[in-house]
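A short worksheet on the structure shown next.
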Amino acid sequence: MIVKQAKSVEDALELLSHYDNCKIIAGGTDIIIQMNEKKVQPKVLIDISKVEELKKIEEDGDFIKIGSAVTYTDIIESSIFEGNLSGFKKACRLVGSPQIRNRGTIGGNIVNASPAADSVPPLIALGAAAILESKNNVREVKVEDYFSHSETFGIREYEILTAIRFRKPKGVLTFAKLGLRKALAISRISIAALVELDKDNKVSFVRIASGSIGRYPMREHELEEFLQGKVFDDAVIDEAVKVLQGVMDVRLANRSSLPYKRRAVEAVLKEALGEVRK
Amino acid sequence: MINIKLNVNGKDYSLEIEEDKRLIDVLREDLRFTGVKEGCSEGECGACSVIMDGRIVNSCLVMAVQANGSSIVTVEGLVKDGELDPVQRAFIEKGATQCGYCTPGFIMAARAFLNRAKDPTREEIREAISGNLCRCTGYNKIVDAIEEAYRYEKGI
């Protein structure tokens with residue numbers, strides 16, 4: 001194996017098109033383990049962890065753009081994710097350990113497509129898009145579609161995920177997760193909610209995404225439809241738990257984890273929705 | 001083979017290494033900083049923790065080439081003018097070590113944390129060492145030691 005350090009995105013794309021059997025490495029927290037286990041055996045490893053243009057968090061008018069090599073620690077320390085976006089920081093703070101958060105990247109969390117990827121549900125709730133570049137093309141895919149239709153929209157071997165982009169929301173983004181142990185826990189269930197309330201405390205906009213309640217992180221449309229227009233009080237949140245449990249009964253039917261998950265989801269959803277009101 | 005430049009414990013090195021080496025391999029095998037321990041090899045145990053450009057990282061999860069141009073501090077780099085680092089001193093005085101295999105990793109995680117910490121709570125200290133595992137004796141004395149190290153540094 002040879003390892004090449006890319007100096008720019010252009011450089012990385014050139015290397016990617018030049019060699020066969022390449023893999024991109026950024027934080028390395030997943031791929032180095034996969035290489036140790038011989039699950040991936042690239043001939044060429046292209047390092048993008050020191051490409052400055054991929055390490056920026058930028059505000060561009062109504063949009064926020066996060067470079068794919070931005071680490072969880074970068075997000076946690078950024079002043080951009082305060083106030084109504086602090087739910088994203090919370091999700092990043094709950095990833096792994098200090099060592100993992102210092103290396104692991106937002107882009108890696110998407111392209112490795114773990115069902116338990118902690119930063120993905122908040123990005124889906126934000127309606128974020130992933131920007132995928134190849135030598136001759138740039139395409140934008142909604143993070144939601146990236147996971148739900150990965151054969152169609154997933155990353156190709158000649159592409160690099162360069163950034164995540166989303167419109168600054170008016171509502172409040174929240175996040176809650178259940179892990180078996182606090183640090184380094186692979187998330188069992190996570191929920192991210194983006195909720196906007198009108199002056200009568202009614203839900204005027206809602207987008208909810210879950211992690212580990214299915215084969216990949218996904219939108220919870222039935223839950224959104226139930227909440228839309230409702231007065232956002234304790235009774236509605238209790239009802240919302242039942243709606244999501246109903247969805248899980250169908251989606252996770254015959255899974256041994258269902259009885260546990262349908263009980264555990266109650267606290268997770270209540271925490272996520274409860275934080276909207278704080 | 002590839003050439004990389006590293007600054008380790010304040011000293012510059014120019015090395016020719018095999019490209020599939022991880023940072024831990026270069027630190028242990030090429031430079032003989034064997035205070036860096038390999039435990040799980042998958043980022044769970046933290047025994048291989050070193051400070052890279054001011055941040056605590058698992059050196060088993062960094063390719064050596066990725067560290068090209070970086071500054072690394074290992075446990076060997078903490079002694080200044082023959083004096084132990086306050087974290088090392090506190091680990092000894094509080095008995096925060098048993099078999100000792102995890103100790104360098106804990107000390108580096110504590111060092112990285114205390115470099116930025118302000119009046120840390122026990123909860124914050126526990127969070128700071130949440131990427132490190134000790135299988136001998138538990139964590140209370142380790143947390144005690146980190147609290148003590150903070151007091152040494154502040155002179156309180």
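Residue names in the structure tokens use chain letters A, B, ... in the order shown, residue numbers from 1 in each chain, and ligand numbers from 1 in the order shown.
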TODO: Can you check which residues of chain A have any atom within 9 Å of chain B? Use only C-alpha atoms and format it as a VMD selection string.
DONE: chain A and resid 1 to 5 26 to 33 36 47 to 50 96 to 103 182 to 184
TODO: Have a look at A:Lys230, A:His221, A:Arg215, A:Lys7 and name the one nearest to Arg251 (chain A); count only C-alpha atoms.
DONE: A:Arg215
Task: Proximity to Leu94 (chain A) - best of A:Thr71, A:Asn109, A:Thr152, A:Ser119, only C-alpha atoms - done: A:Ser119
Open item on the list: Quick one: residues within 7 Å of region 28-40 of chain B, only C-alpha atoms, excluding same-chain residues fewer than 5 positions away - as a PyMOL selection string?
Closed with: chain B and resi 45+47-48+74-76+104
TODO: Give the strand (DSSP E or B) residues of chain B, as assigned by DSSP on the backbone, as a ChimeraX atom specification.
DONE: /B:2-8,11-17,22,49-52,55-58,63,71-73,80,83
Within 7 Å of Ser68 (chain A), counting only C-alpha atoms, which residues show up once you throw out same-chain ones fewer than 3 positions away? Write them as a tab-separated table (two decimals) with N, CA and C atoms, in the first residue's frame, please.
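Done, and the output landed in result_33.tsv:
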```tsv
chain	number	residue	atom	x	y	z
A	54	LEU	N	-11.21	21.64	3.19
A	54	LEU	CA	-12.20	20.67	3.70
A	54	LEU	C	-12.38	20.80	5.21
A	55	LYS	N	-11.63	21.71	5.82
A	55	LYS	CA	-11.66	21.81	7.28
A	55	LYS	C	-12.36	23.08	7.77
A	105	THR	N	-14.49	12.62	11.61
A	105	THR	CA	-15.01	13.74	10.83
A	105	THR	C	-16.49	13.56	10.47
A	106	ILE	N	-17.11	14.69	10.18
A	106	ILE	CA	-18.50	14.71	9.76
A	106	ILE	C	-18.67	13.93	8.45
A	107	GLY	N	-17.74	14.12	7.54
A	107	GLY	CA	-17.82	13.42	6.25
A	107	GLY	C	-17.70	11.92	6.42
A	161	LEU	N	-16.63	13.21	-0.90
A	161	LEU	CA	-17.60	14.06	-0.20
A	161	LEU	C	-16.82	15.28	0.28
A	162	THR	N	-17.16	16.45	-0.22
A	162	THR	CA	-16.37	17.63	0.13
A	162	THR	C	-17.02	18.49	1.21
A	163	ALA	N	-18.34	18.50	1.27
A	163	ALA	CA	-18.99	19.36	2.27
A	163	ALA	C	-20.43	18.94	2.51
A	164	ILE	N	-20.96	19.46	3.60
A	164	ILE	CA	-22.37	19.32	3.95
A	164	ILE	C	-22.92	20.74	3.99
```
Task: Residue contacts of Glu153 (chain B) (12 Å, only C-alpha atoms) excluding same-chain residues fewer than 4 positions away, as a list in words - done: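 The neighbour list is Asp85, Pro86, Val87, Arg89, Ala90, Arg111, Leu114, Asn115, Ala117, Lys118, Asp119, Ile146, Glu147, Glu148 and Ala149 of chain B.
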Selection file, C-alpha atoms, as a PDB file, in the first residue's frame:
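File produced: again.pdb:
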```pdb
ATOM      1  CA  ASP B  85       5.024  16.584  35.248  1.00  0.00           C
ATOM      2  CA  PRO B  86       2.413  17.460  37.923  1.00  0.00           C
ATOM      3  CA  VAL B  87       0.140  14.771  36.446  1.00  0.00           C
ATOM      4  CA  ARG B  89       3.590  13.256  40.370  1.00  0.00           C
ATOM      5  CA  ALA B  90      -0.087  13.141  41.316  1.00  0.00           C
ATOM      6  CA  ARG B 111      -2.342  16.365  30.435  1.00  0.00           C
ATOM      7  CA  LEU B 114      -5.571  20.116  32.035  1.00  0.00           C
ATOM      8  CA  ASN B 115      -3.905  22.208  29.325  1.00  0.00           C
ATOM      9  CA  ALA B 117      -9.285  23.050  31.846  1.00  0.00           C
ATOM     10  CA  LYS B 118     -10.549  25.669  34.243  1.00  0.00           C
ATOM     11  CA  ASP B 119     -11.759  24.566  37.689  1.00  0.00           C
ATOM     12  CA  ILE B 146      -6.104  14.519  38.072  1.00  0.00           C
ATOM     13  CA  GLU B 147      -7.839  16.777  40.604  1.00  0.00           C
ATOM     14  CA  GLU B 148      -4.615  16.798  42.615  1.00  0.00           C
ATOM     15  CA  ALA B 149      -2.527  17.615  39.525  1.00  0.00           C
TER      16      ALA B 149
END
```
TODO: Would you kindly return, as a list in words, each protein, DNA or RNA residue with an atom no farther than 6 Å from any atom of Leu173 (chain A), considering only C-alpha atoms and excluding same-chain residues fewer than 5 positions away?
DONE: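 Final neighbour list, sorted by chain and number: Asn84, Leu85, Gly87, Ala193 and Leu194 of chain A.
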Open item on the list: What parts of region 12-254 of chain A does DSSP call alpha helix (DSSP H)? I'd like the answer as a count of residues only.
Closed with: 80
Open item on the list: Rounded to one decimal, what separation in Å do you get between CA of Glu133 (chain A) and CA of Thr73 (chain A)?
Closed with: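 Pair CA of Glu133 (chain A) / CA of Thr73 (chain A) returns 24.8 Å.
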Open item on the list: Show me, as an MDAnalysis selection string, the residues that have an atom within 10 Å of Asn7 (chain B) when counting only C-alpha atoms, minus same-chain residues fewer than 6 positions from it.
Closed with: chainID B and resid 13:14 52:53 67:73
TODO: Quick one: pull the distance between CA of Ile237 (chain A) and CA of Lys270 (chain A), Å, one decimal.
DONE: 6.7 Å
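The interatomic distance for the pair CA of Glu124 (chain B) and CA of Phe106 (chain B) works out to 14.4 Å.
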